[in-house]
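A quick write-up on the structure given underneath.
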Amino acid sequence: MPRFLVTIAVAALLHAQTAPPTPNAPVMSPAPGAPAGQTAPAPGTPAAGAPLTLAEAEAIAVRNHPRVAAAMNAAAAAAQQITEARSAFYPVVAGDVTATQGYDLGRLGAGYLSASRLFNRFGSGLQINQLVTDFGRTMNLVANSRLQAEAANQTTLATRYDVIMAVDRAYFEVLQDEAFVKVARDTVKARQTLANQVNELFKAQLKSEVDLSFAQVNVSQSQLLLIRAQDSVRQAYADLARALGEDRPAAAYSLSEPPASPPPAADARPLIEQAVQNRPELAALRLQYEAAQKFEAAERDLSRPNITGIAVGGALPYIDEAGLPPEYEAAGVNLQIPIFNGHLFAARREAARQEALAANQRLRDERQQVEHDVQNAFVAASTAYQRIPVTEEMIKQSRLALDLAQGRYNLGLASIVEVTQAQLNLTEAQIENVTAIYDYQTAYAALQYTIGILR
């Protein structure tokens, strides 16, 4: 029988019995409500354990992460500063119990006491001090503390957003790496099938040892790809565990695929305006700037007079002085006028003014950074979204090229290099598709974060 007919017969038999399955691309049907052209890949083989959605992961992180807890504690501490500043408005009441013993007819020779004579006595009483007015200083200090507490609340919200963004990144990283594992396993299976075919043809002396070596190297490369993908999954789960702030390993969870993100907006300008209004970092800096202005006003009020009321009263059940009444009471008003203290108040006022100016510049700098971040996030999300349909078309064309190359090789019209190159192109297309899909999921979450509406 002519060699050409033998080749056709053998190729037809092998194709009918051991035709290599086409690797499944990691492209799924669009999720309900997903835009046309956007798809979500299979999450790969999930870790054994309880299912975990993205929303549940975010809730766990907000509840357990030490950064959120620390920010909440700091905000609670800042709220107590309001009470501390406001306490100056209330009277200070102190109880005194005093007993003295001295030499008869003794007098003070040095030191300071309220009376120059020394005599035996025992007494108890109350002393009340009440601020009458400091011409606005305490009021400004209270306003400063209130604004600082509100800024701490905004910082807590910003920390919460940071933690949620870290969870989203880690969550999508796990899903992406698990999808890479599935691609790698399908690649190993397809390339092993081709290697088996070539081995049979080599045994029948229809293919050379070079073809067999190419096929076996191709299998080894796919196995290395699988090993690296599995290692990436383990690292991604470790990153997720850190993002969740849990002692429990994240690998105990089985992640579920979230709904596909909607397409990005057409223009970044409305997003920038939204970010300026919503970002908690900007809100915190605005409040800190206002607090600095109030503190500047409070330091300026140091140069004003201070009026305080004082009242004392009590009883003297024992005293060795004849003719003294058994009880006492008195009241008075003290006016303190600052005259000169080495320019202390002037220096404090100027320091507070400079701090207010610095707070204003920090606010300006943060606003510019937010606008820059929104613009970059918008570009990244738009680019990632445009890559999805392109990679889907790549998979379609790569699969077609592989089928044609496989057919040509089975008929003896192409070399093993053409088939392995077609397999490599399909694997790269699948990886690009997975990367594009999860890059967009992450980029869309980052865009929501930059405009202050992540969750």
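By order of appearance in the structure tokens: chains A, B, ..., then residues from 1 within every chain, and ligands from 1 in the order shown.
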
Might you pull out every residue within 12 Å of Ala238 (chain A), with only C-alpha atoms counted and same-chain residues fewer than 2 positions away left off, and present them as a PyMOL selection string?
chain A and resi 167+170-171+173-174+231-236+240-253

Spatial neighbours of Pro270 (chain A), 12 Å, only C-alpha atoms, chain gap at least 5 places, as a PyMOL selection string
chain A and resi 265+275-277+371+374-375+378+451

Tell me, counting only C-alpha atoms, for each residue of region 161-256 of chain A within 8 Å of region 439-442 of chain A, which pair of atoms is nearest and how far apart they are in Å to one decimal, in rows ordered by chain and increasing number, as a Markdown table.
```
| residue | atom | partner | partner_atom | distance |
| --- | --- | --- | --- | --- |
| A:Asp168 | CA | A:Thr442 | CA | 7.0 |
| A:Arg169 | CA | A:Thr442 | CA | 5.9 |
| A:Phe172 | CA | A:Thr442 | CA | 6.7 |
```

Just the selected residues (N, CA and C atoms), exported as a PDB file, in the first residue's frame, please.
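What ended up in again.pdb:
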```pdb
ATOM      1  N   ASP A 168     -11.243  42.597  48.667  1.00  0.00           N
ATOM      2  CA  ASP A 168     -11.655  42.416  47.272  1.00  0.00           C
ATOM      3  C   ASP A 168     -10.481  41.972  46.409  1.00  0.00           C
ATOM      4  N   ARG A 169      -9.337  42.628  46.582  1.00  0.00           N
ATOM      5  CA  ARG A 169      -8.165  42.250  45.791  1.00  0.00           C
ATOM      6  C   ARG A 169      -7.764  40.799  46.066  1.00  0.00           C
ATOM      7  N   PHE A 172     -10.439  38.253  44.616  1.00  0.00           N
ATOM      8  CA  PHE A 172     -10.340  38.065  43.164  1.00  0.00           C
ATOM      9  C   PHE A 172      -9.027  37.380  42.784  1.00  0.00           C
TER      10      PHE A 172
END
```

Region 242-338 of chain A near region 73-96 of chain A within 12 Å: what's each residue's closest atom pair and its distance in Å to one decimal, counting only C-alpha atoms, ordered by chain then ascending residue number, as CSV?
```
residue,atom,partner,partner_atom,distance
A:Ala284,CA,A:Ala75,CA,11.7
A:Phe295,CA,A:Ala85,CA,11.7
A:Ala298,CA,A:Ala85,CA,11.6
A:Thr308,CA,A:Pro91,CA,10.0
A:Gly309,CA,A:Pro91,CA,9.2
A:Ile310,CA,A:Pro91,CA,9.5
A:Ala311,CA,A:Val93,CA,9.6
A:Val312,CA,A:Ala94,CA,9.6
A:Gly313,CA,A:Gly95,CA,9.9
A:Gly314,CA,A:Asp96,CA,8.9
A:Ala315,CA,A:Asp96,CA,10.7
A:Leu316,CA,A:Asp96,CA,11.8
```

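You will find CA of Ala414 (chain A) at 21.5 Å from CA of Gln221 (chain A).
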
With only C-alpha atoms counted and 12 Å as the cut-off, give the residues of region 352-389 of chain A in contact with region 342-348 of chain A, each with its shortest interatomic distance in Å and the pair that gives it, as JSON lines.
```
{"residue": "A:Ala352", "atom": "CA", "partner": "A:Arg348", "partner_atom": "CA", "distance": 6.2}
{"residue": "A:Arg353", "atom": "CA", "partner": "A:Arg348", "partner_atom": "CA", "distance": 8.6}
{"residue": "A:Gln354", "atom": "CA", "partner": "A:Arg348", "partner_atom": "CA", "distance": 9.9}
{"residue": "A:Glu355", "atom": "CA", "partner": "A:Arg348", "partner_atom": "CA", "distance": 10.5}
```

Pick out the closest residue to Ala149 (chain A) from this set: A:Ile337, A:Ala443, A:Met72, A:Ala429. Count only C-alpha atoms.
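With only C-alpha atoms as the atom set, the closest residue is A:Met72.
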
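When only C-alpha atoms are used to measure the gap to Thr420 (chain A), the shortest distance among A:Thr435, A:Gln406, A:Thr138, A:Gln154 belongs to A:Gln406.
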
For CA of Ser145 (chain A) and CA of Arg63 (chain A), the interatomic separation in Å (one decimal):
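According to the coordinates, CA of Ser145 (chain A) and CA of Arg63 (chain A) are separated by 27.2 Å.
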
Would you pick out the contacts of region 132-135 of chain A at 9 Å or less, using only C-alpha atoms, so that residues sharing its chain but fewer than 6 positions from it are not included, and give the list as a ChimeraX atom specification?
/A:89,301-302,304-309,333

Serialized selection, C-alpha atoms, as a tab-separated table (two decimals), in the first residue's frame:
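The resulting part39.tsv:
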```tsv
chain	number	residue	atom	x	y	z
A	89	PHE	CA	-17.65	74.91	81.94
A	301	ASP	CA	-7.96	83.95	73.39
A	302	LEU	CA	-5.12	83.27	75.82
A	304	ARG	CA	-7.79	87.83	77.12
A	305	PRO	CA	-8.71	88.10	80.81
A	306	ASN	CA	-9.93	85.11	82.80
A	307	ILE	CA	-12.66	85.48	85.45
A	308	THR	CA	-13.15	82.76	88.05
A	309	GLY	CA	-15.54	82.49	91.02
A	333	VAL	CA	-14.20	86.57	92.29
```

From A:Ala356, A:Gln423, A:Gly332, A:Ala266, residue lying nearest Gln192 (chain A) [only C-alpha atoms]:
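Of the candidates, the smallest distance to Gln192 (chain A) is held by A:Gln423.
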
Pick out the closest residue to Ile395 (chain A) from this set: A:Asn153, A:Ser222, A:Asn144, A:Gln430. Count only C-alpha atoms.
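Selected residue with least distance to Ile395 (chain A): A:Gln430.
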
So which bits of region 288-332 of chain A end up alpha helix (DSSP H) when you DSSP the backbone, as a count of residues only?
13
